[in-house]
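*Asks:* The structure file model-v1.cif (mmCIF, C-alpha atoms) is provided below.
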data_protein
#
loop_
_atom_site.label_atom_id
_atom_site.label_comp_id
_atom_site.auth_asym_id
_atom_site.auth_seq_id
_atom_site.Cartn_x
_atom_site.Cartn_y
_atom_site.Cartn_z
CA MET A 580 87.52 112.14 96.82
CA ASN A 581 85.61 112.18 93.55
CA TYR A 582 87.24 109.47 91.43
CA PHE A 583 85.37 110.57 88.30
CA GLU A 584 87.06 113.96 88.59
CA LEU A 585 90.40 112.30 89.29
CA PHE A 586 90.19 110.57 85.90
CA SER A 587 88.42 113.52 84.17
CA LEU A 588 85.39 111.37 83.40
CA SER A 589 81.73 112.30 83.57
CA PRO A 590 80.03 110.74 86.60
CA VAL A 591 77.88 108.18 84.83
CA TYR A 592 77.28 104.52 85.56
CA ASP A 593 77.72 103.44 81.92
CA LEU A 594 81.37 104.29 81.87
CA ASP A 595 83.73 104.00 78.91
CA THR A 596 86.01 101.45 80.55
CA ALA A 597 88.60 101.62 77.75
CA LEU A 598 88.90 105.36 78.34
CA LEU A 599 89.14 104.76 82.09
CA ALA A 600 92.02 102.31 81.54
CA GLU A 601 93.77 104.83 79.29
CA ARG A 602 93.43 107.68 81.82
CA TYR A 603 94.58 105.32 84.55
CA ARG A 604 97.79 104.46 82.68
CA ASP A 605 98.47 108.15 81.98
CA LEU A 606 97.93 109.18 85.58
CA GLN A 607 99.88 106.26 86.95
CA ARG A 608 102.88 107.31 84.87
CA THR A 609 102.84 110.89 86.15
CA VAL A 610 102.64 109.92 89.83
CA HIS A 611 104.80 106.80 89.80
CA PRO A 612 107.20 106.88 92.79
CA ASP A 613 110.15 105.91 90.52
CA LYS A 614 109.88 109.33 88.92
CA PHE A 615 110.49 110.88 92.32
CA ALA A 616 113.69 108.98 93.09
CA ASN A 617 115.68 112.22 93.36
CA ALA A 618 112.88 114.32 94.83
CA SER A 619 112.53 115.52 98.42
CA GLU A 620 111.17 113.17 101.08
CA GLN A 621 107.94 115.11 101.13
CA ASP A 622 107.46 114.88 97.37
CA LYS A 623 108.19 111.16 97.53
CA ARG A 624 105.55 110.73 100.19
CA ILE A 625 103.03 112.65 98.15
CA ALA A 626 103.83 110.55 95.08
CA VAL A 627 103.21 107.36 97.06
CA GLN A 628 99.91 108.71 98.34
CA ARG A 629 98.83 109.81 94.88
CA THR A 630 99.71 106.41 93.44
CA ALA A 631 97.58 104.71 96.09
CA GLN A 632 94.73 107.12 95.35
CA VAL A 633 94.94 106.49 91.60
CA ASN A 634 94.94 102.73 92.17
CA ASP A 635 91.98 102.91 94.56
CA GLY A 636 90.11 105.10 92.13
CA TYR A 637 90.76 102.77 89.23
CA ASN A 638 89.71 99.68 91.18
CA THR A 639 86.55 101.43 92.35
CA LEU A 640 85.43 102.72 88.96
CA LYS A 641 86.34 99.52 87.14
CA HIS A 642 84.09 97.41 89.38
CA PRO A 643 80.37 97.89 88.56
CA ILE A 644 79.05 97.55 92.13
CA LEU A 645 81.82 99.68 93.65
CA ARG A 646 81.31 102.30 90.93
CA ALA A 647 77.60 102.52 91.72
CA GLU A 648 78.39 102.72 95.44
CA HIS A 649 80.87 105.50 94.75
CA MET A 650 78.24 107.44 92.80
CA LEU A 651 75.89 107.19 95.78
CA SER A 652 78.59 108.14 98.26
CA LEU A 653 79.20 111.33 96.23
CA LYS A 654 75.55 112.13 96.90
CA GLY A 655 75.83 111.45 100.60
CA ILE A 656 74.65 107.82 100.78
CA ASP A 657 77.32 105.56 102.24
CA LEU A 658 76.76 101.86 101.57
CA SER A 659 80.27 100.57 102.16
CA HIS A 660 80.25 100.84 105.95
CA GLU A 661 76.65 100.01 106.66
CA SER A 662 75.34 97.00 108.56
CA THR A 663 71.79 97.35 107.27
CA THR A 664 69.65 94.23 107.28
CA VAL A 665 67.64 93.43 104.18
CA LYS A 666 64.11 92.26 105.00
CA ASP A 667 62.57 91.82 101.55
CA THR A 668 61.10 88.35 102.15
CA GLN A 669 60.44 87.47 98.54
CA PHE A 670 63.97 88.38 97.52
CA LEU A 671 65.47 86.48 100.46
CA MET A 672 63.36 83.38 99.74
CA GLN A 673 64.81 83.37 96.24
CA GLN A 674 68.31 83.75 97.72
CA MET A 675 67.67 80.77 100.04
CA GLU A 676 66.40 78.70 97.12
CA TRP A 677 69.49 79.49 95.08
CA ARG A 678 71.74 78.68 98.03
CA GLU A 679 69.97 75.33 98.34
CA SER A 680 70.52 74.66 94.63
CA LEU A 681 74.22 75.45 95.08
CA GLU A 682 74.35 72.88 97.87
CA ALA A 683 72.63 70.36 95.63
CA ILE A 684 75.39 70.61 92.98
CA LYS A 685 77.68 68.16 94.70
CA HIS A 686 74.96 65.51 95.11
CA CYS A 687 73.09 65.76 91.83
CA ASP A 688 73.36 63.42 88.83
CA ASP A 689 74.04 66.10 86.26
CA PRO A 690 75.95 68.87 88.03
CA ASP A 691 77.01 70.56 84.77
CA LYS A 692 73.40 71.07 83.76
CA LEU A 693 72.50 72.53 87.16
CA ILE A 694 75.56 74.81 87.11
CA ASP A 695 74.59 75.99 83.65
CA GLN A 696 71.02 76.72 84.76
CA LEU A 697 72.22 78.64 87.79
CA HIS A 698 74.66 80.68 85.68
CA HIS A 699 71.74 81.68 83.46
CA SER A 700 69.34 82.43 86.30
CA PHE A 701 71.93 84.54 88.13
CA ALA A 702 72.90 86.44 84.97
CA ASP A 703 69.25 87.15 84.05
CA TYR A 704 68.43 88.43 87.48
CA ARG A 705 71.65 90.45 87.73
CA GLU A 706 71.00 92.10 84.36
CA GLN A 707 67.46 92.96 85.34
CA ILE A 708 68.54 94.57 88.65
CA THR A 709 71.50 96.33 87.02
CA ALA A 710 69.26 97.82 84.32
CA GLN A 711 66.91 99.29 86.93
CA MET A 712 69.75 100.47 89.14
CA SER A 713 71.66 102.21 86.34
CA GLN A 714 68.53 104.27 85.57
CA LEU A 715 68.28 105.48 89.16
CA VAL A 716 71.85 105.90 90.38
CA GLY A 717 72.52 109.04 88.35
CA SER A 718 69.38 110.76 89.59
CA ASP A 719 69.26 113.78 91.88
CA ASP A 720 66.02 112.63 93.45
CA GLN A 721 66.54 111.32 96.98
CA GLN A 722 63.95 108.54 96.69
CA ALA A 723 65.45 107.34 93.41
CA LEU A 724 68.86 107.20 95.09
CA LEU A 725 67.49 105.21 98.04
CA ASP A 726 65.87 102.81 95.57
CA ALA A 727 69.20 102.53 93.77
CA ALA A 728 70.85 101.74 97.13
CA ASP A 729 68.40 98.87 97.66
CA LEU A 730 69.19 97.47 94.23
CA ILE A 731 72.94 97.72 94.88
CA ARG A 732 72.42 95.72 98.11
CA LYS A 733 70.68 93.05 96.01
CA LEU A 734 73.58 93.05 93.56
CA LYS A 735 75.92 92.37 96.48
CA PHE A 736 73.92 89.24 97.32
CA MET A 737 74.16 88.23 93.66
CA ALA A 738 77.94 88.75 93.70
CA LYS A 739 78.15 86.47 96.72
CA LEU A 740 76.05 83.82 94.95
CA GLN A 741 78.30 84.06 91.90
CA ASP A 742 81.37 83.49 94.10
CA GLU A 743 79.71 80.49 95.71
CA LEU A 744 78.81 79.09 92.29
CA ALA A 745 82.44 79.40 91.16
CA ARG A 746 83.52 77.65 94.33
CA ALA A 747 81.03 74.82 93.80
CA GLU A 748 82.28 74.45 90.24
CA ASP A 749 85.90 74.28 91.40
CA ALA A 750 85.00 71.68 94.00
CA LEU A 751 83.83 69.31 91.26
CA PHE A 752 87.28 68.92 89.77
CA MET B 324 90.84 85.40 112.73
CA ALA B 325 90.34 83.12 115.71
CA TYR B 326 86.82 82.01 116.53
CA SER B 327 85.85 81.59 120.17
CA GLU B 328 85.20 78.08 121.49
CA LYS B 329 81.49 78.81 121.72
CA VAL B 330 81.32 79.84 118.08
CA ILE B 331 83.17 76.68 117.03
CA ASP B 332 80.86 74.55 119.17
CA HIS B 333 77.72 76.04 117.60
CA TYR B 334 79.27 75.89 114.15
CA GLU B 335 80.25 72.24 114.44
CA ASN B 336 77.10 71.16 116.28
CA PRO B 337 74.44 73.65 115.23
CA ARG B 338 71.27 73.37 117.32
CA ASN B 339 67.83 73.25 115.75
CA VAL B 340 68.77 73.37 112.08
CA GLY B 341 65.92 72.90 109.66
CA SER B 342 62.42 74.05 108.85
CA PHE B 343 58.91 73.66 110.18
CA ASP B 344 55.91 73.15 107.95
CA LYS B 345 55.14 76.71 106.95
CA ASN B 346 51.46 75.85 106.58
CA ASP B 347 51.26 75.10 110.31
CA PRO B 348 49.31 78.10 111.70
CA SER B 349 51.48 78.22 114.84
CA VAL B 350 54.67 78.70 112.77
CA VAL B 351 56.02 82.16 111.99
CA THR B 352 59.05 82.96 109.84
CA GLY B 353 61.66 85.70 109.86
CA MET B 354 63.92 86.13 106.84
CA VAL B 355 66.84 88.54 106.92
CA GLY B 356 70.00 89.13 104.93
CA ALA B 357 73.21 91.13 105.28
CA PRO B 358 74.32 92.76 102.02
CA ALA B 359 77.85 93.37 103.34
CA CYS B 360 78.64 89.65 103.32
CA GLY B 361 75.68 88.12 101.44
CA ASP B 362 74.58 86.09 104.46
CA VAL B 363 70.98 84.90 104.51
CA MET B 364 69.18 83.75 107.66
CA LYS B 365 65.78 82.12 108.16
CA LEU B 366 64.39 81.77 111.67
CA GLN B 367 61.15 79.93 112.32
CA LEU B 368 59.30 79.97 115.65
CA LYS B 369 56.47 77.76 116.81
CA ILE B 370 54.34 79.87 119.12
CA ASP B 371 51.52 78.34 121.20
CA ASP B 372 48.11 79.87 122.03
CA ASN B 373 49.50 81.49 125.16
CA GLY B 374 52.20 83.34 123.22
CA ILE B 375 55.01 81.06 124.43
CA ILE B 376 57.71 80.05 121.95
CA GLU B 377 57.54 76.25 121.99
CA ASP B 378 60.22 75.51 119.45
CA ALA B 379 62.60 77.20 117.02
CA LYS B 380 64.50 76.23 113.90
CA PHE B 381 66.94 78.06 111.68
CA LYS B 382 68.65 77.85 108.36
CA THR B 383 71.59 80.16 107.72
CA TYR B 384 73.91 80.56 104.78
CA GLY B 385 76.89 82.49 106.02
CA CYS B 386 80.08 82.45 108.00
CA GLY B 387 80.70 80.59 111.26
CA SER B 388 79.65 83.58 113.37
CA ALA B 389 76.35 83.95 111.52
CA ILE B 390 75.58 80.25 111.97
CA ALA B 391 76.58 80.34 115.64
CA SER B 392 74.49 83.49 116.27
CA SER B 393 71.36 81.93 114.80
CA SER B 394 71.97 78.58 116.49
CA LEU B 395 72.35 80.32 119.86
CA VAL B 396 69.19 82.35 119.29
CA THR B 397 67.10 79.21 118.68
CA GLU B 398 68.27 77.90 122.07
CA TRP B 399 67.56 81.17 123.82
CA VAL B 400 64.05 81.80 122.54
CA LYS B 401 62.65 78.40 123.45
CA GLY B 402 60.23 78.67 126.37
CA LYS B 403 60.27 82.47 126.24
CA THR B 404 57.28 84.75 125.82
CA ILE B 405 57.10 87.03 122.81
CA GLU B 406 58.02 90.02 124.98
CA GLN B 407 61.05 88.21 126.40
CA ALA B 408 62.20 87.18 122.93
CA GLN B 409 61.70 90.72 121.68
CA ALA B 410 64.09 91.90 124.39
CA ILE B 411 67.06 89.84 123.15
CA LYS B 412 69.74 92.25 121.98
CA ASN B 413 72.57 91.71 119.53
CA THR B 414 74.99 92.77 122.26
CA ASP B 415 73.84 89.78 124.39
CA ILE B 416 74.54 87.45 121.46
CA ALA B 417 77.89 89.05 120.64
CA GLU B 418 78.95 88.86 124.27
CA GLU B 419 77.90 85.24 124.74
CA LEU B 420 79.81 84.18 121.62
CA ALA B 421 82.73 86.59 122.18
CA LEU B 422 82.36 87.91 118.63
CA PRO B 423 85.13 90.22 117.41
CA PRO B 424 84.09 93.70 116.19
CA VAL B 425 84.15 92.68 112.49
CA LYS B 426 81.55 89.99 113.22
CA ILE B 427 79.12 92.10 115.23
CA HIS B 428 76.87 92.37 112.17
CA CYS B 429 76.21 88.61 112.48
CA SER B 430 74.64 89.18 115.90
CA ILE B 431 72.65 92.12 114.52
CA LEU B 432 71.35 89.82 111.80
CA ALA B 433 70.25 87.25 114.41
CA GLU B 434 68.47 89.91 116.47
CA ASP B 435 66.76 91.20 113.33
CA ALA B 436 65.70 87.64 112.46
CA ILE B 437 63.86 87.36 115.82
CA LYS B 438 62.24 90.75 115.19
CA ALA B 439 61.20 89.73 111.66
CA ALA B 440 59.67 86.46 112.92
CA LEU B 441 57.74 88.31 115.64
CA GLU B 442 56.55 90.84 113.04
CA ASP B 443 55.19 87.88 111.08
CA TYR B 444 53.42 86.70 114.26
CA LYS B 445 51.83 90.10 114.78
CA SER B 446 50.66 90.39 111.19
CA LYS B 447 49.15 86.88 111.35
CA HIS B 448 47.34 87.57 114.61
CA GLN B 449 45.90 90.93 113.67
CA LYS B 450 43.58 89.35 111.16
#
Let me see the structure of the file written as structure tokens.

*Replies:*
Amino acid sequence: MNYFELFSLSPVYDLDTALLAERYRDLQRTVHPDKFANASEQDKRIAVQRTAQVNDGYNTLKHPILRAEHMLSLKGIDLSHESTTVKDTQFLMQQMEWRESLEAIKHCDDPDKLIDQLHHSFADYREQITAQMSQLVGSDDQQALLDAADLIRKLKFMAKLQDELARAEDALF
Amino acid sequence: MAYSEKVIDHYENPRNVGSFDKNDPSVVTGMVGAPACGDVMKLQLKIDDNGIIEDAKFKTYGCGSAIASSSLVTEWVKGKTIEQAQAIKNTDIAEELALPPVKIHCSILAEDAIKAALEDYKSKHQK
């Protein structure tokens, strides 16, 4: 299923999210199961399926990492079901260091300052990776797509770090 | 999801957590990560002149199964030769810990950590 086609959008990473939301609302209205209250059982079933599809599509395209993954999957590279191991030592060392900093939050004298620093470091790194990835993910060149896949994997590690940072912040209060 | 008793045991009392001095020439390091869950694993092995793994330490950021898999691996590799350690399969780890299918990738990560550490050994000893 090509979700870009579903919402009549061009398959680009830098998506007009306001337009996506608008198309989503329009589509949702046309397939809403309430409109099929008096329809046949089969039509009702189809309406339910279409609604699920529209919701899945919206959630996928709205989310930057999932959108990039979807773009790759349309070109035959499936990242969502892989159990690939990342072995980039330098990248992983940095991940370890950041994880150690997250652990240090609860013991340090000025946790707010450390949290602030980590927010900045994570955002800088994420922006840098996203900028590179967005250049590659729309390509038709196989190597560029594989490079984009590697960058998306890194973004998944960053998403995890961001979650952990939010959790560490919550734990302070 | 219910963890097996062995996973809980390793999770609550992880064996061999920590780091060796990475400047020690007998120490090799394997770093691996799983993008699906963001887990990061570091496995360090101390290998003597005869190619026997004297000691092992790990540091893992991840779920209980990932921690248990790496903890188990540090116990298993001690006293083994490089070839014996190379032969450890993720299926052995998954079976020992009774990992459910959704957690098999944790055992794959632990196997890959051994492989990465032994790669580091080879690259250090080719020079």

*Asks:* Please, which residues are within 12 Å of (82.2, 99.2, 106.9) by the file's coordinates, counting all atoms listed in the file, and could they come as an MDAnalysis selection string?

*Replies:* (chainID A and resid 657:663) or (chainID B and resid 358:360 424:428)

*Asks:* Using only C-alpha atoms, which of the listed residues (B:Gly387, B:Gly353, B:Pro423, B:Pro348) sits closest to Glu335 (chain B)?

*Replies:*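 Checking each candidate against Glu335 (chain B), we get B:Gly387 as the closest.
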
*Asks:* With all atoms listed in the file as the atoms that count, which of B:Ala357, B:Ile437, B:Leu422, B:Leu432 lies nearest to Ile376 (chain B)?

*Replies:*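 Checking each of B:Ala357, B:Ile437, B:Leu422, B:Leu432 against Ile376 (chain B), counting all atoms listed in the file, the winner is B:Ile437.
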
*Asks:* Taking all atoms listed in the file into account, what are the residues of chain B at most 12 Å from chain A, put as a PDB file with C-alpha atoms, keeping the file's coordinate frame?

*Replies:*
ATOM      1  CA  THR B 352      59.050  82.960 109.840  1.00  0.00           C
ATOM      2  CA  GLY B 353      61.660  85.700 109.860  1.00  0.00           C
ATOM      3  CA  MET B 354      63.920  86.130 106.840  1.00  0.00           C
ATOM      4  CA  VAL B 355      66.840  88.540 106.920  1.00  0.00           C
ATOM      5  CA  GLY B 356      70.000  89.130 104.930  1.00  0.00           C
ATOM      6  CA  ALA B 357      73.210  91.130 105.280  1.00  0.00           C
ATOM      7  CA  PRO B 358      74.320  92.760 102.020  1.00  0.00           C
ATOM      8  CA  ALA B 359      77.850  93.370 103.340  1.00  0.00           C
ATOM      9  CA  CYS B 360      78.640  89.650 103.320  1.00  0.00           C
ATOM     10  CA  GLY B 361      75.680  88.120 101.440  1.00  0.00           C
ATOM     11  CA  ASP B 362      74.580  86.090 104.460  1.00  0.00           C
ATOM     12  CA  VAL B 363      70.980  84.900 104.510  1.00  0.00           C
ATOM     13  CA  MET B 364      69.180  83.750 107.660  1.00  0.00           C
ATOM     14  CA  LYS B 365      65.780  82.120 108.160  1.00  0.00           C
ATOM     15  CA  PHE B 381      66.940  78.060 111.680  1.00  0.00           C
ATOM     16  CA  LYS B 382      68.650  77.850 108.360  1.00  0.00           C
ATOM     17  CA  THR B 383      71.590  80.160 107.720  1.00  0.00           C
ATOM     18  CA  TYR B 384      73.910  80.560 104.780  1.00  0.00           C
ATOM     19  CA  GLY B 385      76.890  82.490 106.020  1.00  0.00           C
ATOM     20  CA  VAL B 425      84.150  92.680 112.490  1.00  0.00           C
ATOM     21  CA  LYS B 426      81.550  89.990 113.220  1.00  0.00           C
ATOM     22  CA  ILE B 427      79.120  92.100 115.230  1.00  0.00           C
ATOM     23  CA  HIS B 428      76.870  92.370 112.170  1.00  0.00           C
ATOM     24  CA  CYS B 429      76.210  88.610 112.480  1.00  0.00           C
ATOM     25  CA  SER B 430      74.640  89.180 115.900  1.00  0.00           C
ATOM     26  CA  ILE B 431      72.650  92.120 114.520  1.00  0.00           C
ATOM     27  CA  LEU B 432      71.350  89.820 111.800  1.00  0.00           C
ATOM     28  CA  ALA B 433      70.250  87.250 114.410  1.00  0.00           C
ATOM     29  CA  GLU B 434      68.470  89.910 116.470  1.00  0.00           C
ATOM     30  CA  ASP B 435      66.760  91.200 113.330  1.00  0.00           C
ATOM     31  CA  ALA B 436      65.700  87.640 112.460  1.00  0.00           C
ATOM     32  CA  ILE B 437      63.860  87.360 115.820  1.00  0.00           C
ATOM     33  CA  LYS B 438      62.240  90.750 115.190  1.00  0.00           C
ATOM     34  CA  ALA B 439      61.200  89.730 111.660  1.00  0.00           C
ATOM     35  CA  ALA B 440      59.670  86.460 112.920  1.00  0.00           C
ATOM     36  CA  GLU B 442      56.550  90.840 113.040  1.00  0.00           C
ATOM     37  CA  ASP B 443      55.190  87.880 111.080  1.00  0.00           C
TER      38      ASP B 443
END

*Asks:* What is the CA of Ser392 (chain B)-CA of Ala683 (chain A) distance in Å, reported with one decimal?

*Replies:* 24.5 Å

*Asks:* Would you pick out the contacts of Leu585 (chain A) at 9 Å or less, using all atoms listed in the file, so that residues sharing its chain but fewer than 2 positions from it are not included, and give the list as a list in words?

*Replies:*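 Near Leu585 (chain A), the qualifying residues are Met580, Asn581, Tyr582, Phe583, Ser587, Leu588, Leu606, Val633 and Gly636 of chain A.
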
*Asks:* So which residues touch Ile708 (chain A) within 8 Å, counting all atoms listed in the file, skipping near sequence neighbours fewer than 3 positions away, as a PyMOL selection string?

*Replies:* chain A and resi 704-705+711-712+730+733-734

*Asks:* Between A:Ala616, A:Leu599, A:Leu645, A:Leu651, single out the one closest to Asp726 (chain A), counting all atoms listed in the file.

*Replies:*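 Distance minimum relative to Asp726 (chain A) lands on A:Leu651.
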